[in-house]
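Visitor: Sharing a structure with you now.
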Amino acid sequence: MADCVFCKIIEGSIPSSKVYEDDSILAFKDINPAAPVHVLVVPKTHTESLEALNEENMDIVKKIHSAIQEVARIMKINEAGYRVIVNCGKNGGQTVPHLHYHVLGGAKFDEKII
Ligand code: AMP
Ligand code: ZN
């Protein structure tokens, strides 16, 4: 999508620090990290949010989860553990309208909202 920052990162017109890539997924470091390891995992096809998933595009969820495992191994947080967050819509605090999974690790998170 033309004015989507993550689509621009995917097409290469905005630089990013790439962690993992395959045919359908890109993972890159968050520009404003909230943890020692903070990687965003995004589908290459523009999908606005979790609410935009449906029977036709839901296959991407499996690929995203597989990519998250790969990212965790690459960043060496797979054994110690990590947290995955998806913000959805206004009340969820989503600021970039392109589906993305936050992968956070490298520290123990003591604060829990759930
Ligand atoms: P959310 O608030 O869940 O929509 O998350 C959007 C995330 O994208 C935030 O954590 C931002 O720091 C991150 N972000 C925004 N622009 C960029 C960028 N150009 N490169 C990397 N991360 C970005
Ligand atoms: Zn996009």
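Ligands are numbered from 1 in the order shown, residues from 1 within each chain, and chains are lettered A, B, ... in the order they appear in the structure tokens.
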Please identify the alpha helix (DSSP H) residues within chain A (assignment by DSSP from backbone atoms) and present them as a PyMOL selection string.
Guide: chain A and resi 5-11+59-74+89-92
Visitor: Those residues with N, CA, C and O atoms, as a tab-separated table (two decimals), in the first residue's frame please?
Guide:
```
chain	number	residue	atom	x	y	z
A	5	VAL	N	4.15	2.55	6.00
A	5	VAL	CA	5.58	2.51	6.34
A	5	VAL	C	6.13	1.08	6.26
A	5	VAL	O	7.27	0.87	5.81
A	6	PHE	N	5.37	0.09	6.66
A	6	PHE	CA	5.90	-1.28	6.62
A	6	PHE	C	5.94	-1.81	5.18
A	6	PHE	O	6.87	-2.54	4.83
A	7	CYS	N	4.99	-1.40	4.33
A	7	CYS	CA	5.08	-1.77	2.91
A	7	CYS	C	6.34	-1.14	2.29
A	7	CYS	O	7.02	-1.78	1.47
A	8	LYS	N	6.67	0.08	2.71
A	8	LYS	CA	7.88	0.74	2.19
A	8	LYS	C	9.13	0.01	2.66
A	8	LYS	O	10.12	-0.11	1.92
A	9	ILE	N	9.12	-0.48	3.90
A	9	ILE	CA	10.26	-1.27	4.39
A	9	ILE	C	10.37	-2.57	3.58
A	9	ILE	O	11.46	-2.97	3.17
A	10	ILE	N	9.23	-3.21	3.32
A	10	ILE	CA	9.22	-4.46	2.56
A	10	ILE	C	9.75	-4.24	1.15
A	10	ILE	O	10.57	-5.03	0.65
A	11	GLU	N	9.36	-3.13	0.51
A	11	GLU	CA	9.84	-2.89	-0.87
A	11	GLU	C	11.24	-2.28	-0.89
A	11	GLU	O	11.85	-2.20	-1.95
A	59	ASP	N	-3.89	-18.22	6.21
A	59	ASP	CA	-2.71	-19.09	6.12
A	59	ASP	C	-1.45	-18.36	6.60
A	59	ASP	O	-0.50	-18.99	7.06
A	60	ILE	N	-1.47	-17.03	6.49
A	60	ILE	CA	-0.29	-16.25	6.87
A	60	ILE	C	0.01	-16.38	8.36
A	60	ILE	O	1.17	-16.28	8.78
A	61	VAL	N	-1.01	-16.64	9.16
A	61	VAL	CA	-0.82	-16.74	10.61
A	61	VAL	C	0.14	-17.89	10.94
A	61	VAL	O	1.03	-17.75	11.78
A	62	LYS	N	-0.04	-19.00	10.26
A	62	LYS	CA	0.85	-20.16	10.46
A	62	LYS	C	2.30	-19.78	10.10
A	62	LYS	O	3.23	-20.08	10.82
A	63	LYS	N	2.43	-19.07	8.99
A	63	LYS	CA	3.77	-18.66	8.54
A	63	LYS	C	4.39	-17.66	9.51
A	63	LYS	O	5.59	-17.69	9.77
A	64	ILE	N	3.58	-16.74	10.02
A	64	ILE	CA	4.09	-15.76	10.98
A	64	ILE	C	4.59	-16.47	12.23
A	64	ILE	O	5.68	-16.16	12.74
A	65	HIS	N	3.83	-17.42	12.72
A	65	HIS	CA	4.24	-18.12	13.95
A	65	HIS	C	5.50	-18.93	13.74
A	65	HIS	O	6.38	-18.98	14.61
A	66	SER	N	5.62	-19.52	12.57
A	66	SER	CA	6.84	-20.25	12.24
A	66	SER	C	8.03	-19.27	12.17
A	66	SER	O	9.12	-19.55	12.67
A	67	ALA	N	7.79	-18.10	11.57
A	67	ALA	CA	8.85	-17.07	11.46
A	67	ALA	C	9.24	-16.56	12.84
A	67	ALA	O	10.42	-16.27	13.10
A	68	ILE	N	8.27	-16.44	13.74
A	68	ILE	CA	8.58	-15.99	15.11
A	68	ILE	C	9.53	-16.98	15.78
A	68	ILE	O	10.51	-16.57	16.43
A	69	GLN	N	9.29	-18.27	15.61
A	69	GLN	CA	10.21	-19.27	16.17
A	69	GLN	C	11.61	-19.10	15.58
A	69	GLN	O	12.61	-19.20	16.29
A	70	GLU	N	11.66	-18.85	14.29
A	70	GLU	CA	12.95	-18.68	13.62
A	70	GLU	C	13.66	-17.42	14.14
A	70	GLU	O	14.86	-17.44	14.43
A	71	VAL	N	12.91	-16.33	14.29
A	71	VAL	CA	13.46	-15.08	14.83
A	71	VAL	C	14.00	-15.32	16.24
A	71	VAL	O	15.10	-14.86	16.59
A	72	ALA	N	13.25	-16.05	17.05
A	72	ALA	CA	13.68	-16.33	18.43
A	72	ALA	C	15.00	-17.10	18.43
A	72	ALA	O	15.89	-16.84	19.26
A	73	ARG	N	15.13	-18.04	17.51
A	73	ARG	CA	16.41	-18.79	17.42
A	73	ARG	C	17.54	-17.87	16.96
A	73	ARG	O	18.63	-17.89	17.53
A	74	ILE	N	17.26	-17.06	15.95
A	74	ILE	CA	18.29	-16.15	15.40
A	74	ILE	C	18.77	-15.18	16.49
A	74	ILE	O	19.97	-14.91	16.62
A	89	GLY	N	-6.08	-2.24	16.30
A	89	GLY	CA	-7.02	-1.13	16.29
A	89	GLY	C	-6.72	-0.06	17.34
A	89	GLY	O	-5.70	-0.09	18.02
A	90	LYS	N	-7.62	0.89	17.42
A	90	LYS	CA	-7.42	2.09	18.25
A	90	LYS	C	-7.26	1.74	19.73
A	90	LYS	O	-6.28	2.11	20.37
A	91	ASN	N	-8.19	0.99	20.27
A	91	ASN	CA	-8.10	0.66	21.69
A	91	ASN	C	-6.95	-0.29	21.99
A	91	ASN	O	-6.45	-0.33	23.12
A	92	GLY	N	-6.51	-1.03	20.99
A	92	GLY	CA	-5.36	-1.93	21.17
A	92	GLY	C	-4.03	-1.19	21.08
A	92	GLY	O	-2.98	-1.77	21.34
```
Visitor: Which residues are near ligand 2 in this structure, taking near to mean any atom at most 8 Å from a ligand atom and counting only C-alpha atoms and all ligand atoms? Format them as a list in words.
Guide: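 These are the residues that qualify: Met1, Ala2, Asp3, Cys4, Val5, Phe6, Cys7, Lys8, Lys44, Thr45, His46, Thr47, Glu48, Pro97, His98 and Leu99 of chain A.
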Visitor: Please identify the strand (DSSP E or B) residues within range 4-108 of chain A (assignment by DSSP from backbone atoms) and present them as a list in words.
Guide: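 Taking range 4-108 of chain A and keeping strand (DSSP E or B) only, one gets Lys18, Val19, Tyr20, Glu21, Ile25, Leu26, Ala27, Phe28, Lys29, Val37, His38, Val39, Leu40, Val41, Val42, Pro43, Tyr82, Arg83, Val84, Ile85, Tyr101, His102, Val103, Leu104 and Gly105 of chain A.
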Visitor: Selected residues, N, CA and C atoms, written as a CSV table (one decimal), in the first residue's frame, please.
Guide:
```csv
chain,number,residue,atom,x,y,z
A,18,LYS,N,17.2,-5.9,9.0
A,18,LYS,CA,16.5,-7.2,8.7
A,18,LYS,C,17.0,-8.3,9.6
A,19,VAL,N,16.1,-9.1,10.2
A,19,VAL,CA,16.5,-10.2,11.0
A,19,VAL,C,16.2,-11.5,10.3
A,20,TYR,N,15.1,-11.5,9.5
A,20,TYR,CA,14.7,-12.8,8.9
A,20,TYR,C,13.8,-12.4,7.7
A,21,GLU,N,13.9,-13.2,6.6
A,21,GLU,CA,13.0,-13.0,5.5
A,21,GLU,C,12.7,-14.3,4.8
A,25,ILE,N,7.2,-13.4,4.5
A,25,ILE,CA,7.4,-12.7,5.8
A,25,ILE,C,8.6,-11.9,5.8
A,26,LEU,N,8.6,-10.7,6.5
A,26,LEU,CA,9.8,-10.0,6.8
A,26,LEU,C,9.8,-9.7,8.3
A,27,ALA,N,11.0,-9.9,8.9
A,27,ALA,CA,11.2,-9.6,10.3
A,27,ALA,C,12.3,-8.6,10.4
A,28,PHE,N,12.1,-7.5,11.1
A,28,PHE,CA,13.1,-6.4,11.3
A,28,PHE,C,13.1,-5.8,12.7
A,29,LYS,N,14.2,-5.2,13.1
A,29,LYS,CA,14.3,-4.6,14.4
A,29,LYS,C,13.4,-3.4,14.6
A,37,VAL,N,15.8,-7.2,23.0
A,37,VAL,CA,15.4,-7.7,21.7
A,37,VAL,C,14.0,-7.3,21.4
A,38,HIS,N,13.8,-6.6,20.3
A,38,HIS,CA,12.5,-6.2,19.9
A,38,HIS,C,12.4,-6.2,18.4
A,39,VAL,N,11.8,-7.3,17.9
A,39,VAL,CA,11.7,-7.5,16.4
A,39,VAL,C,10.2,-7.5,16.0
A,40,LEU,N,9.9,-6.9,14.9
A,40,LEU,CA,8.6,-6.9,14.3
A,40,LEU,C,8.5,-7.9,13.2
A,41,VAL,N,7.5,-8.8,13.2
A,41,VAL,CA,7.3,-9.8,12.2
A,41,VAL,C,6.1,-9.4,11.4
A,42,VAL,N,6.2,-9.2,10.1
A,42,VAL,CA,5.1,-8.7,9.3
A,42,VAL,C,4.9,-9.6,8.0
A,43,PRO,N,3.7,-9.7,7.6
A,43,PRO,CA,3.4,-10.3,6.3
A,43,PRO,C,3.8,-9.4,5.2
A,82,TYR,N,10.3,-15.5,25.6
A,82,TYR,CA,10.0,-14.2,25.0
A,82,TYR,C,8.5,-13.9,25.1
A,83,ARG,N,8.2,-12.7,24.7
A,83,ARG,CA,6.8,-12.3,24.7
A,83,ARG,C,6.4,-11.8,23.3
A,84,VAL,N,5.2,-12.2,22.9
A,84,VAL,CA,4.7,-11.8,21.6
A,84,VAL,C,3.4,-11.0,21.8
A,85,ILE,N,3.4,-9.8,21.1
A,85,ILE,CA,2.2,-8.9,21.3
A,85,ILE,C,1.7,-8.4,19.9
A,101,TYR,N,3.6,-8.5,14.4
A,101,TYR,CA,3.7,-9.1,15.7
A,101,TYR,C,5.0,-8.6,16.3
A,102,HIS,N,4.9,-8.1,17.6
A,102,HIS,CA,6.1,-7.7,18.3
A,102,HIS,C,6.7,-8.9,19.0
A,103,VAL,N,8.0,-9.1,18.8
A,103,VAL,CA,8.6,-10.2,19.5
A,103,VAL,C,9.6,-9.6,20.5
A,104,LEU,N,9.4,-9.8,21.8
A,104,LEU,CA,10.2,-9.1,22.8
A,104,LEU,C,10.9,-10.1,23.7
A,105,GLY,N,12.2,-9.8,23.9
A,105,GLY,CA,13.0,-10.7,24.7
A,105,GLY,C,14.3,-10.1,25.2
```
Visitor: Taking only C-alpha atoms and all ligand atoms into account, list the residues no farther than 6 Å from ligand 1, as a list of chain:residue names.
Guide: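 I would give the residues around ligand 1 as A:Ser16, A:Lys29, A:Asp30, A:Ile31, A:Asn32, A:Asn87, A:Gly93, A:Gln94, A:Thr95, A:Val96.
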Visitor: Keeping only all heavy atoms, write those residues as a PDB file, in the first residue's frame.
Guide:
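The result, written out as part_36.pdb:
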```pdb
ATOM      1  N   SER A  16      15.705  -0.818   6.895  1.00  0.00           N
ATOM      2  CA  SER A  16      15.403  -1.492   8.160  1.00  0.00           C
ATOM      3  C   SER A  16      16.541  -2.425   8.491  1.00  0.00           C
ATOM      4  O   SER A  16      17.387  -2.730   7.638  1.00  0.00           O
ATOM      5  CB  SER A  16      14.090  -2.285   8.048  1.00  0.00           C
ATOM      6  OG  SER A  16      14.276  -3.419   7.234  1.00  0.00           O
ATOM      7  N   LYS A  29      14.200  -5.208  13.083  1.00  0.00           N
ATOM      8  CA  LYS A  29      14.269  -4.648  14.439  1.00  0.00           C
ATOM      9  C   LYS A  29      13.375  -3.409  14.561  1.00  0.00           C
ATOM     10  O   LYS A  29      13.345  -2.565  13.651  1.00  0.00           O
ATOM     11  CB  LYS A  29      15.712  -4.293  14.786  1.00  0.00           C
ATOM     12  CG  LYS A  29      16.566  -5.545  14.955  1.00  0.00           C
ATOM     13  CD  LYS A  29      17.986  -5.218  15.364  1.00  0.00           C
ATOM     14  CE  LYS A  29      18.787  -6.515  15.456  1.00  0.00           C
ATOM     15  NZ  LYS A  29      20.236  -6.277  15.602  1.00  0.00           N
ATOM     16  N   ASP A  30      12.661  -3.316  15.687  1.00  0.00           N
ATOM     17  CA  ASP A  30      11.837  -2.139  15.950  1.00  0.00           C
ATOM     18  C   ASP A  30      12.758  -0.930  16.151  1.00  0.00           C
ATOM     19  O   ASP A  30      13.774  -1.007  16.843  1.00  0.00           O
ATOM     20  CB  ASP A  30      10.968  -2.362  17.202  1.00  0.00           C
ATOM     21  CG  ASP A  30       9.840  -1.347  17.307  1.00  0.00           C
ATOM     22  OD1 ASP A  30      10.141  -0.147  17.531  1.00  0.00           O
ATOM     23  OD2 ASP A  30       8.672  -1.745  17.164  1.00  0.00           O
ATOM     24  N   ILE A  31      12.375   0.189  15.549  1.00  0.00           N
ATOM     25  CA  ILE A  31      13.196   1.404  15.587  1.00  0.00           C
ATOM     26  C   ILE A  31      13.237   2.012  16.988  1.00  0.00           C
ATOM     27  O   ILE A  31      14.155   2.764  17.320  1.00  0.00           O
ATOM     28  CB  ILE A  31      12.659   2.418  14.545  1.00  0.00           C
ATOM     29  CG1 ILE A  31      13.729   3.395  14.103  1.00  0.00           C
ATOM     30  CG2 ILE A  31      11.422   3.144  15.057  1.00  0.00           C
ATOM     31  CD1 ILE A  31      13.346   4.199  12.873  1.00  0.00           C
ATOM     32  N   ASN A  32      12.257   1.692  17.809  1.00  0.00           N
ATOM     33  CA  ASN A  32      12.156   2.246  19.163  1.00  0.00           C
ATOM     34  C   ASN A  32      11.965   1.086  20.152  1.00  0.00           C
ATOM     35  O   ASN A  32      10.875   0.876  20.681  1.00  0.00           O
ATOM     36  CB  ASN A  32      10.969   3.225  19.205  1.00  0.00           C
ATOM     37  CG  ASN A  32      10.861   3.932  20.524  1.00  0.00           C
ATOM     38  OD1 ASN A  32      11.834   4.038  21.273  1.00  0.00           O
ATOM     39  ND2 ASN A  32       9.663   4.393  20.846  1.00  0.00           N
ATOM     40  N   ASN A  87      -0.920  -5.582  18.728  1.00  0.00           N
ATOM     41  CA  ASN A  87      -1.876  -4.519  19.010  1.00  0.00           C
ATOM     42  C   ASN A  87      -2.858  -4.441  17.848  1.00  0.00           C
ATOM     43  O   ASN A  87      -2.443  -4.487  16.685  1.00  0.00           O
ATOM     44  CB  ASN A  87      -1.157  -3.181  19.185  1.00  0.00           C
ATOM     45  CG  ASN A  87      -0.243  -3.175  20.409  1.00  0.00           C
ATOM     46  OD1 ASN A  87      -0.572  -3.778  21.422  1.00  0.00           O
ATOM     47  ND2 ASN A  87       0.903  -2.516  20.299  1.00  0.00           N
ATOM     48  N   GLY A  93      -4.083   0.095  20.701  1.00  0.00           N
ATOM     49  CA  GLY A  93      -2.855   0.887  20.621  1.00  0.00           C
ATOM     50  C   GLY A  93      -2.072   0.684  19.338  1.00  0.00           C
ATOM     51  O   GLY A  93      -0.885   1.002  19.279  1.00  0.00           O
ATOM     52  N   GLN A  94      -2.720   0.168  18.291  1.00  0.00           N
ATOM     53  CA  GLN A  94      -2.012  -0.042  17.013  1.00  0.00           C
ATOM     54  C   GLN A  94      -1.759   1.297  16.343  1.00  0.00           C
ATOM     55  O   GLN A  94      -2.698   2.066  16.117  1.00  0.00           O
ATOM     56  CB  GLN A  94      -2.853  -0.944  16.104  1.00  0.00           C
ATOM     57  CG  GLN A  94      -2.155  -1.268  14.787  1.00  0.00           C
ATOM     58  CD  GLN A  94      -2.962  -2.228  13.911  1.00  0.00           C
ATOM     59  OE1 GLN A  94      -4.095  -2.578  14.235  1.00  0.00           O
ATOM     60  NE2 GLN A  94      -2.376  -2.638  12.805  1.00  0.00           N
ATOM     61  N   THR A  95      -0.489   1.578  16.035  1.00  0.00           N
ATOM     62  CA  THR A  95      -0.143   2.853  15.393  1.00  0.00           C
ATOM     63  C   THR A  95       0.208   2.688  13.917  1.00  0.00           C
ATOM     64  O   THR A  95       0.119   3.657  13.161  1.00  0.00           O
ATOM     65  CB  THR A  95       1.033   3.546  16.112  1.00  0.00           C
ATOM     66  OG1 THR A  95       2.164   2.676  16.086  1.00  0.00           O
ATOM     67  CG2 THR A  95       0.681   3.875  17.556  1.00  0.00           C
ATOM     68  N   VAL A  96       0.655   1.501  13.520  1.00  0.00           N
ATOM     69  CA  VAL A  96       0.962   1.249  12.106  1.00  0.00           C
ATOM     70  C   VAL A  96      -0.074   0.258  11.564  1.00  0.00           C
ATOM     71  O   VAL A  96      -0.130  -0.892  12.023  1.00  0.00           O
ATOM     72  CB  VAL A  96       2.395   0.701  11.916  1.00  0.00           C
ATOM     73  CG1 VAL A  96       2.651   0.385  10.449  1.00  0.00           C
ATOM     74  CG2 VAL A  96       3.432   1.685  12.441  1.00  0.00           C
TER      75      VAL A  96
END
```
Visitor: Please, what distance in Å, to one decimal, runs between CA of Val86 in chain A and CA of Asp110 in chain A?
Guide: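 Pair CA of Val86 in chain A / CA of Asp110 in chain A returns 18.8 Å.
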Visitor: Just to confirm, what's the straight-line distance from CA of Ile77 in chain A to CA of Ser49 in chain A in Å (one decimal)?
Guide: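 Between CA of Ile77 in chain A and CA of Ser49 in chain A the gap works out to 25.9 Å.
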Visitor: With distances taken over only C-alpha atoms, which of A:Asn57, A:Ala107, A:Ile113, A:Asn78 is nearest to Ser24 in chain A?
Guide: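 Looking only at the distances to Ser24 in chain A, the closest residue turns out to be A:Asn57.
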Visitor: Could you state the separation of CA of Cys88 in chain A and CA of Leu50 in chain A in Å, given to one decimal place?
Guide: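 CA of Cys88 in chain A sits 6.2 Å away from CA of Leu50 in chain A.
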